[in-house]
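A.B. asks: The following file, entry_31.txt, comprises compact mmCIF, C-alpha atoms and all ligand atoms:
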```txt
# COMPACT_ATOMS: atom_id res chain seq x y z
CA MET V 1268 138.52 170.23 74.79
CA LYS V 1269 138.24 169.14 71.18
CA LEU V 1270 140.37 166.10 71.90
CA ARG V 1271 138.16 165.10 74.80
CA LYS V 1272 135.09 165.21 72.59
CA VAL V 1273 136.72 162.94 70.03
CA THR V 1274 137.74 160.52 72.76
CA ALA V 1275 134.22 160.42 74.16
CA ALA V 1276 132.81 159.82 70.68
CA SER V 1277 135.23 156.97 69.99
CA ALA V 1278 134.38 155.45 73.34
CA ALA V 1279 130.72 155.54 72.43
CA VAL V 1280 131.41 153.87 69.09
CA LEU V 1281 133.53 151.25 70.78
CA ALA V 1282 130.82 150.59 73.34
CA LEU V 1283 128.29 150.15 70.55
CA ALA V 1284 130.60 147.80 68.68
CA LEU V 1285 131.09 145.70 71.81
CA THR V 1286 127.36 145.51 72.43
CA ALA V 1287 126.84 144.49 68.80
CA THR V 1288 129.43 141.71 69.17
CA ALA V 1289 127.89 140.49 72.40
CA CYS V 1290 124.38 140.07 71.06
CA GLY V 1291 124.81 140.22 67.29
CA GLY V 1292 124.88 137.59 64.61
CA ASP V 1293 122.51 135.24 66.35
CA ASP V 1294 118.83 135.60 65.71
CA SER V 1295 117.99 132.07 66.79
CA GLY V 1296 117.51 133.22 70.40
CA ASP V 1297 120.18 130.73 71.38
CA ASN V 1298 122.87 132.42 73.43
CA ALA V 1299 124.06 129.19 74.95
CA SER V 1300 127.09 128.71 72.74
CA SER V 1301 128.97 131.49 71.07
CA SER V 1302 131.94 131.89 68.80
CA GLY V 1303 133.76 134.88 70.19
CA SER V 1304 136.66 136.27 68.21
CA GLY V 1305 139.98 135.38 69.79
CA GLY V 1306 138.63 133.74 72.95
CA GLY V 1307 137.33 130.63 71.19
CA ASP V 1308 133.91 129.04 71.61
CA LYS V 1309 132.13 128.94 74.94
CA ILE V 1310 129.32 126.70 76.10
CA LYS V 1311 126.86 127.65 78.84
CA ILE V 1312 125.76 124.82 81.09
CA GLY V 1313 123.14 124.94 83.85
CA ILE V 1314 123.95 123.36 87.22
CA LYS V 1315 123.06 123.80 90.88
CA TYR V 1316 125.42 125.94 92.97
CA ASP V 1317 124.53 124.78 96.49
CA GLN V 1318 124.27 120.98 96.40
CA PRO V 1319 127.49 119.40 97.73
CA GLY V 1320 128.45 116.21 95.87
CA LEU V 1321 126.28 117.15 92.87
CA GLY V 1322 126.65 120.79 91.88
CA LEU V 1323 128.55 123.14 94.13
CA LYS V 1324 130.17 126.51 93.68
CA THR V 1325 132.88 126.85 96.31
CA PRO V 1326 133.95 130.21 97.80
CA ASP V 1327 137.13 130.18 95.66
CA GLY V 1328 134.92 130.14 92.56
CA SER V 1329 135.52 126.52 91.53
CA PHE V 1330 132.81 123.99 90.75
CA SER V 1331 132.50 120.40 91.89
CA GLY V 1332 130.09 117.50 92.04
CA PHE V 1333 128.77 114.57 90.06
CA ASP V 1334 126.62 116.77 87.80
CA VAL V 1335 129.62 119.01 87.17
CA ASP V 1336 131.75 115.99 86.20
CA VAL V 1337 129.03 114.55 83.95
CA ALA V 1338 128.51 117.95 82.30
CA THR V 1339 132.27 118.45 81.82
CA TYR V 1340 132.57 115.01 80.18
CA VAL V 1341 129.57 115.68 77.93
CA ALA V 1342 130.88 119.13 76.97
CA LYS V 1343 134.20 117.57 75.93
CA GLU V 1344 132.37 115.11 73.68
CA LEU V 1345 130.51 118.06 72.17
CA GLY V 1346 133.88 119.70 71.42
CA TYR V 1347 134.39 122.01 74.43
CA GLU V 1348 137.30 121.83 76.86
CA ALA V 1349 136.72 122.53 80.56
CA ASP V 1350 138.01 126.10 80.23
CA GLN V 1351 135.39 126.81 77.58
CA ILE V 1352 132.53 126.06 79.96
CA GLU V 1353 130.56 128.90 81.49
CA TRP V 1354 128.56 127.59 84.45
CA VAL V 1355 125.14 129.11 85.05
CA GLU V 1356 123.05 128.55 88.17
CA THR V 1357 119.72 126.95 87.30
CA LYS V 1358 117.53 126.61 90.39
CA SER V 1359 114.79 123.97 90.38
CA ALA V 1360 112.01 126.35 89.35
CA ASP V 1361 114.07 128.04 86.61
CA ARG V 1362 115.17 125.05 84.54
CA GLU V 1363 112.44 124.85 81.87
CA ASN V 1364 112.53 128.61 81.26
CA ALA V 1365 116.33 128.74 81.08
CA LEU V 1366 116.25 126.13 78.31
CA ALA V 1367 113.32 127.72 76.47
CA ARG V 1368 115.07 131.11 76.49
CA GLY V 1369 118.34 129.58 75.29
CA ASP V 1370 120.26 130.78 78.37
CA VAL V 1371 122.12 127.47 78.50
CA LYS V 1372 122.90 124.72 76.00
CA PHE V 1373 122.03 122.00 78.47
CA ILE V 1374 121.22 121.46 82.14
CA ALA V 1375 122.74 118.85 84.46
CA ALA V 1376 121.17 119.78 87.78
CA THR V 1377 119.57 116.84 89.61
CA TYR V 1378 116.88 117.23 86.97
CA SER V 1379 114.37 114.39 87.05
CA ILE V 1380 112.77 113.30 83.80
CA ASN V 1381 108.97 113.34 83.96
CA ASP V 1382 106.08 113.67 81.52
CA GLU V 1383 105.13 117.19 82.53
CA ARG V 1384 108.65 118.52 81.99
CA ALA V 1385 109.09 116.50 78.80
CA GLN V 1386 106.33 118.58 77.23
CA LYS V 1387 108.50 121.68 77.64
CA VAL V 1388 112.06 120.38 77.27
CA ASP V 1389 113.85 117.37 75.81
CA PHE V 1390 115.91 115.02 77.94
CA ALA V 1391 119.03 112.98 77.29
CA GLY V 1392 119.81 110.13 79.68
CA PRO V 1393 118.99 109.09 82.32
CA TYR V 1394 122.46 109.12 83.89
CA LEU V 1395 121.54 108.49 87.56
CA LEU V 1396 118.68 106.98 89.51
CA ALA V 1397 118.00 108.56 92.90
CA HIS V 1398 115.08 108.27 95.34
CA GLN V 1399 113.20 110.79 97.38
CA ASP V 1400 113.95 110.59 101.09
CA LEU V 1401 113.72 112.66 104.28
CA LEU V 1402 116.44 114.42 106.22
CA VAL V 1403 115.66 115.00 109.89
CA LYS V 1404 117.58 115.96 113.03
CA ALA V 1405 119.64 113.11 114.50
CA ASP V 1406 117.30 112.83 117.51
CA SER V 1407 114.05 113.10 115.51
CA ASP V 1408 111.42 110.37 115.80
CA ILE V 1409 110.16 110.93 112.24
CA SER V 1410 110.87 107.67 110.43
CA ASP V 1411 108.10 107.39 107.89
CA ALA V 1412 106.16 109.59 105.49
CA THR V 1413 103.01 109.01 107.54
CA ASP V 1414 104.73 110.75 110.48
CA LEU V 1415 104.81 113.93 108.42
CA ASN V 1416 101.19 114.97 108.55
CA ASP V 1417 100.95 117.94 110.93
CA LYS V 1418 104.73 118.40 110.72
CA LYS V 1419 106.61 121.25 109.05
CA LEU V 1420 108.32 119.99 105.97
CA CYS V 1421 110.63 121.89 103.65
CA SER V 1422 111.27 121.41 99.96
CA VAL V 1423 111.96 123.51 96.89
CA THR V 1424 109.61 125.26 94.49
CA GLY V 1425 109.51 123.61 91.07
CA SER V 1426 110.88 120.27 92.32
CA THR V 1427 109.31 116.86 91.96
CA SER V 1428 109.99 116.47 95.69
CA ALA V 1429 107.51 119.21 96.63
CA GLN V 1430 105.01 117.94 94.08
CA ASN V 1431 105.17 114.36 95.40
CA VAL V 1432 104.54 115.52 98.96
CA LYS V 1433 101.41 117.42 97.97
CA LYS V 1434 100.06 114.79 95.60
CA ASP V 1435 101.09 111.57 97.26
CA PHE V 1436 102.70 110.90 100.52
CA ALA V 1437 102.01 113.76 102.94
CA PRO V 1438 99.23 116.01 101.64
CA LYS V 1439 98.49 117.17 105.19
CA ALA V 1440 102.05 118.21 106.04
CA GLN V 1441 102.72 121.93 106.34
CA LEU V 1442 104.93 122.28 103.32
CA ARG V 1443 107.32 125.23 103.13
CA GLU V 1444 108.64 125.73 99.63
CA TYR V 1445 111.93 127.61 99.43
CA GLY V 1446 114.03 128.53 96.41
CA THR V 1447 116.95 126.22 97.22
CA TYR V 1448 117.72 123.22 99.39
CA SER V 1449 120.41 125.11 101.29
CA GLU V 1450 117.66 127.40 102.61
CA CYS V 1451 115.79 124.29 103.79
CA ILE V 1452 118.93 123.02 105.55
CA ALA V 1453 119.18 126.31 107.41
CA GLY V 1454 115.52 125.92 108.41
CA LEU V 1455 116.13 122.36 109.64
CA GLN V 1456 119.08 123.50 111.71
CA SER V 1457 117.20 126.38 113.31
CA GLY V 1458 114.15 124.24 114.00
CA ALA V 1459 111.89 126.26 111.68
CA VAL V 1460 111.08 122.98 109.90
CA ASP V 1461 110.99 119.37 111.13
CA ALA V 1462 112.21 117.68 107.96
CA LEU V 1463 113.64 118.35 104.54
CA THR V 1464 112.57 116.21 101.64
CA THR V 1465 114.25 115.69 98.30
CA ASP V 1466 116.48 113.14 96.55
CA ASP V 1467 118.65 110.95 98.80
CA SER V 1468 121.68 111.87 96.66
CA ILE V 1469 121.27 115.53 97.62
CA LEU V 1470 120.45 114.85 101.28
CA ALA V 1471 123.50 112.57 101.72
CA GLY V 1472 125.68 115.39 100.39
CA TYR V 1473 124.41 117.85 102.98
CA ALA V 1474 124.50 115.36 105.87
CA SER V 1475 128.20 114.66 105.24
CA GLN V 1476 129.28 118.31 105.38
CA ASP V 1477 131.66 118.99 108.28
CA GLN V 1478 129.36 121.56 109.87
CA TYR V 1479 126.39 119.13 109.88
CA LYS V 1480 128.17 115.89 110.81
CA GLY V 1481 126.21 114.00 113.46
CA LYS V 1482 123.40 116.55 113.43
CA PHE V 1483 121.12 115.09 110.77
CA LYS V 1484 120.10 111.65 109.54
CA LEU V 1485 118.42 110.29 106.42
CA ALA V 1486 115.25 108.29 107.04
CA GLY V 1487 116.31 105.76 104.38
CA LEU V 1488 112.95 105.71 102.59
CA LYS V 1489 112.72 105.22 98.85
CA LEU V 1490 109.68 107.40 98.34
CA SER V 1491 110.06 107.81 94.56
CA ASN V 1492 112.26 107.09 91.57
CA GLU V 1493 114.12 110.15 90.31
CA ASN V 1494 115.68 109.51 86.91
CA TYR V 1495 118.21 112.29 86.32
CA GLY V 1496 118.26 113.50 82.75
CA ILE V 1497 120.17 116.21 80.92
CA GLY V 1498 117.72 118.87 79.85
CA VAL V 1499 117.99 120.36 76.37
CA LYS V 1500 115.88 122.91 74.51
CA LYS V 1501 112.69 121.36 73.10
CA GLY V 1502 113.30 120.12 69.55
CA ASP V 1503 117.11 120.02 69.74
CA THR V 1504 117.26 116.32 68.89
CA GLU V 1505 120.79 116.60 67.53
CA THR V 1506 122.14 117.69 70.91
CA VAL V 1507 120.09 115.04 72.74
CA ASN V 1508 121.58 112.33 70.52
CA LYS V 1509 125.13 113.61 70.98
CA ILE V 1510 124.66 113.78 74.76
CA ASN V 1511 123.27 110.24 74.84
CA ASP V 1512 126.36 109.01 72.96
CA ALA V 1513 128.58 110.87 75.43
CA LEU V 1514 126.77 109.37 78.44
CA GLU V 1515 127.10 105.86 77.01
CA LYS V 1516 130.81 106.43 76.49
CA MET V 1517 131.18 107.82 80.00
CA VAL V 1518 129.81 104.57 81.42
CA SER V 1519 131.79 102.26 79.12
CA ASP V 1520 135.15 103.97 79.72
CA LYS V 1521 134.54 103.92 83.52
CA ALA V 1522 134.62 107.72 83.90
CA TRP V 1523 131.05 107.48 85.25
CA GLU V 1524 132.15 105.06 88.00
CA LYS V 1525 135.13 107.29 88.86
CA ALA V 1526 132.90 110.35 89.13
CA VAL V 1527 130.51 108.40 91.38
CA GLU V 1528 133.35 107.37 93.71
CA ALA V 1529 134.90 110.83 93.83
CA ASN V 1530 131.64 112.67 94.53
CA PHE V 1531 129.43 110.22 96.43
CA GLY V 1532 132.22 108.35 98.28
CA PRO V 1533 132.72 111.09 100.91
CA ALA V 1534 128.95 111.19 101.57
CA GLU V 1535 128.78 107.38 101.76
CA TYR V 1536 125.87 107.60 99.31
CA ASN V 1537 124.88 104.17 98.15
CA ASN V 1538 124.07 104.93 94.53
CA GLU V 1539 122.18 102.75 92.05
CA PRO V 1540 124.14 101.30 89.13
CA ALA V 1541 124.44 103.31 85.90
CA PRO V 1542 121.09 103.40 84.12
CA LYS V 1543 120.75 102.49 80.44
CA ILE V 1544 119.98 105.37 78.11
CA GLY V 1545 116.21 105.67 77.67
CA ASP V 1546 115.49 103.33 80.58
CA ILE V 1547 113.19 105.30 82.90
CA VAL V 1548 112.31 103.58 86.18
CA LYS V 1549 108.70 104.57 87.00
N1 LIG U 1601 115.27 115.59 91.23
C1 LIG U 1601 114.20 116.38 91.70
C2 LIG U 1601 113.72 117.38 90.67
O1 LIG U 1601 114.16 117.38 89.58
C3 LIG U 1601 114.55 117.10 92.99
C4 LIG U 1601 115.86 117.81 93.00
C5 LIG U 1601 115.82 119.19 92.39
O2 LIG U 1601 114.92 119.99 92.74
O3 LIG U 1601 116.69 119.49 91.60
O4 LIG U 1601 112.87 118.16 90.91
```
Spit out the file's structure as structure tokens when you get a sec.
C.D. replies:
Amino acid sequence: MKLRKVTAASAAVLALALTATACGGDDSGDNASSSGSGGGDKIKIGIKYDQPGLGLKTPDGSFSGFDVDVATYVAKELGYEADQIEWVETKSADRENALARGDVKFIAATYSINDERAQKVDFAGPYLLAHQDLLVKADSDISDATDLNDKKLCSVTGSTSAQNVKKDFAPKAQLREYGTYSECIAGLQSGAVDALTTDDSILAGYASQDQYKGKFKLAGLKLSNENYGIGVKKGDTETVNKINDALEKMVSDKAWEKAVEANFGPAEYNNEPAPKIGDIVK
């Protein structure tokens, strides 16, 4: 009986000690990189989990895509090997808050640089230029943004894609805003929506998936310029500068081109050439 009490007490002490290690020693509110004892440093990076070709978590628990490759390259330049990366899902609407809270060190998640976001976060890059487009069923007669008024259109909350629809090119469309693009794809397949709109890079990735082959088509419209940046906590200029150096190196040593071929090749996505750091196409 006595022994059991002692054991329970030690367990409680141990639990406390573990909790203290997990959240102690860091009052900056930045939990994105940590120096654990024994396990080495870790870095937390925000990506998408459901965008094939860009950021995808596969059922076996591995991660793939262009954003994943860019983030892995950048992390290495910041001093972290691939096995020190902890991937965190950052959905479109969560990105600014995840950075502000310090949940992740940086975000590489089809994250377009724009003025509104730049008031809340800092951006390195750009590292890719994409364009907003439409994905429709293979037999659909929607071919233009003007065909969208009175149609059911799907996009994602917190994305520039949804914002552009409302502000610019189809204010009269019935816009459904879901949490992720994979939910929109399901809606397109079931007929709940007539079209899905977001970046062509993302749409090409979905359209090339085995289960969707021949079912959907991209309209081929360049409705906007989406300059992908790497989001960093507001004021962390040091990290922005280091990431910009890493991105420049990634282009000059051809790793950028290799990542493009590996990730966009299967989707036959015709990407734009590598952008210059700081060069935002309006
Ligand atoms: N690139 C656009 C954006 O940052 C659309 C894709 C996304 O939602 O991640 O909002």
A.B. asks: Mind listing the residues within 10 Å of ligand LIG 1601 (chain U), all atoms listed in the file counted, as a PyMOL selection string?
C.D. replies: chain V and resi 1314-1315+1318+1321+1357-1360+1362+1375-1381+1384+1396-1399+1422-1431+1446-1448+1464-1470+1491-1496
A.B. asks: Using all atoms listed in the file, which of V:Glu1505, V:Glu1363, V:Asp1461, V:Asp1350 sits nearest Glu1383 in chain V?
C.D. replies: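 Of V:Glu1505, V:Glu1363, V:Asp1461, V:Asp1350, the one nearest Glu1383 in chain V, counting all atoms listed in the file, is V:Glu1363.
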A.B. asks: Could you check how far CA of Asn1530 in chain V sits from CA of Arg1443 in chain V, in Å to one decimal?
C.D. replies: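 One can read the CA of Asn1530 in chain V to CA of Arg1443 in chain V distance as 28.7 Å.
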A.B. asks: Can you work out which one of V:Asp1327, V:Asp1411, V:Asp1361, V:Asp1389 has the shortest atom-to-atom distance to Val1499 in chain V, counting all atoms listed in the file?
C.D. replies: V:Asp1389
A.B. asks: Have a look at V:Val1460, V:Ala1453, V:Val1388, V:Leu1401 and name the one nearest to Val1432 in chain V; count only C-alpha atoms.
C.D. replies: V:Leu1401
A.B. asks: If I put a ball of radius 7 Å at (121.5, 128.9, 80.7) in the file's coordinates, which residues poke into it when counting only C-alpha atoms, written as an MDAnalysis selection string?
C.D. replies: chainID V and resid 1299 1311:1313 1355 1365:1366 1369:1372
A.B. asks: With a cut-off of 12 Å, could you pull out the residues of range 1325-1415 of chain V touching range 1510-1515 of chain V and give me the nearest pair of atoms for each, distance in Å to one decimal, using only C-alpha atoms, ordered by chain and ascending number, as a tab-separated table?
C.D. replies:
```
residue	atom	partner	partner_atom	distance
V:Asp1334	CA	V:Leu1514	CA	11.9
V:Asp1336	CA	V:Leu1514	CA	11.4
V:Val1337	CA	V:Leu1514	CA	7.9
V:Ala1338	CA	V:Ile1510	CA	9.4
V:Thr1339	CA	V:Ala1513	CA	10.6
V:Tyr1340	CA	V:Ala1513	CA	7.5
V:Val1341	CA	V:Ala1513	CA	5.5
V:Ala1342	CA	V:Ile1510	CA	8.5
V:Lys1343	CA	V:Ala1513	CA	8.8
V:Glu1344	CA	V:Ala1513	CA	6.0
V:Leu1345	CA	V:Ile1510	CA	7.7
V:Gly1346	CA	V:Ala1513	CA	11.1
V:Lys1372	CA	V:Ile1510	CA	11.1
V:Phe1373	CA	V:Ile1510	CA	9.4
V:Ile1374	CA	V:Ile1510	CA	11.2
V:Ala1375	CA	V:Ile1510	CA	11.1
V:Asp1389	CA	V:Ile1510	CA	11.4
V:Phe1390	CA	V:Asn1511	CA	9.3
V:Ala1391	CA	V:Asn1511	CA	5.6
V:Gly1392	CA	V:Asn1511	CA	6.0
V:Pro1393	CA	V:Asn1511	CA	8.7
V:Tyr1394	CA	V:Leu1514	CA	7.0
V:Leu1395	CA	V:Leu1514	CA	10.5
```
A.B. asks: List every protein, DNA or RNA residue with an atom no more than 10 Å from (132.4, 121.7, 94.6) in the file's coordinates, counting all atoms listed in the file, and format the result as a list in words.
C.D. replies: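 Those residues lying close to the given coordinates are Tyr1316, Asp1317, Gln1318, Pro1319, Gly1320, Leu1321, Gly1322, Leu1323, Lys1324, Thr1325, Pro1326, Asp1327, Gly1328, Ser1329, Phe1330, Ser1331, Gly1332, Phe1333, Val1335 and Asn1530 of chain V.
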A.B. asks: Point out the residue among V:Val1518, V:Ala1529, V:Val1548, V:Ile1310 with the least atom-to-atom distance to Gln1351 in chain V, counting all atoms listed in the file.
C.D. replies: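 Among V:Val1518, V:Ala1529, V:Val1548, V:Ile1310, it is V:Ile1310 that comes nearest to Gln1351 in chain V.
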A.B. asks: In Å, how far is it from CA of Ala1462 in chain V to CA of Lys1419 in chain V?
C.D. replies: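 Between CA of Ala1462 in chain V and CA of Lys1419 in chain V the gap is 6.7 Å.
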A.B. asks: By how many Å are CA of Phe1483 in chain V and CA of Val1403 in chain V apart?
C.D. replies: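 Distance between the two atoms: 5.5 Å.
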A.B. asks: Quick one: range 1448-1480 of chain V from the block, C-alpha atoms, as a PDB file, in the first residue's frame.
C.D. replies:
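Saved the output as out.pdb:
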```pdb
ATOM      1  CA  TYR V1448     -10.504  22.282 -51.400  1.00  0.00           C
ATOM      2  CA  SER V1449     -10.937  18.530 -51.032  1.00  0.00           C
ATOM      3  CA  GLU V1450     -14.437  19.219 -49.663  1.00  0.00           C
ATOM      4  CA  CYS V1451     -15.118  21.300 -52.787  1.00  0.00           C
ATOM      5  CA  ILE V1452     -13.911  18.441 -55.005  1.00  0.00           C
ATOM      6  CA  ALA V1453     -16.368  16.111 -53.293  1.00  0.00           C
ATOM      7  CA  GLY V1454     -19.107  18.686 -53.941  1.00  0.00           C
ATOM      8  CA  LEU V1455     -18.148  18.943 -57.615  1.00  0.00           C
ATOM      9  CA  GLN V1456     -18.240  15.186 -57.983  1.00  0.00           C
ATOM     10  CA  SER V1457     -21.639  14.825 -56.334  1.00  0.00           C
ATOM     11  CA  GLY V1458     -23.095  17.722 -58.306  1.00  0.00           C
ATOM     12  CA  ALA V1459     -23.686  19.871 -55.206  1.00  0.00           C
ATOM     13  CA  VAL V1460     -21.628  22.595 -56.927  1.00  0.00           C
ATOM     14  CA  ASP V1461     -21.072  23.424 -60.605  1.00  0.00           C
ATOM     15  CA  ALA V1462     -17.479  24.610 -60.364  1.00  0.00           C
ATOM     16  CA  LEU V1463     -14.534  24.868 -58.023  1.00  0.00           C
ATOM     17  CA  THR V1464     -12.326  27.910 -58.159  1.00  0.00           C
ATOM     18  CA  THR V1465      -8.810  28.376 -56.873  1.00  0.00           C
ATOM     19  CA  ASP V1466      -5.230  28.397 -58.180  1.00  0.00           C
ATOM     20  CA  ASP V1467      -4.579  26.421 -61.382  1.00  0.00           C
ATOM     21  CA  SER V1468      -1.644  24.696 -59.631  1.00  0.00           C
ATOM     22  CA  ILE V1469      -4.028  23.193 -57.075  1.00  0.00           C
ATOM     23  CA  LEU V1470      -6.764  22.337 -59.596  1.00  0.00           C
ATOM     24  CA  ALA V1471      -4.301  20.562 -61.924  1.00  0.00           C
ATOM     25  CA  GLY V1472      -3.202  18.411 -58.981  1.00  0.00           C
ATOM     26  CA  TYR V1473      -6.746  17.260 -58.266  1.00  0.00           C
ATOM     27  CA  ALA V1474      -7.667  16.728 -61.930  1.00  0.00           C
ATOM     28  CA  SER V1475      -4.712  14.357 -62.400  1.00  0.00           C
ATOM     29  CA  GLN V1476      -5.630  12.063 -59.499  1.00  0.00           C
ATOM     30  CA  ASP V1477      -6.454   8.539 -60.663  1.00  0.00           C
ATOM     31  CA  GLN V1478      -9.975   8.640 -59.246  1.00  0.00           C
ATOM     32  CA  TYR V1479     -10.797  11.894 -61.093  1.00  0.00           C
ATOM     33  CA  LYS V1480      -9.049  11.249 -64.422  1.00  0.00           C
TER      34      LYS V1480
END
```
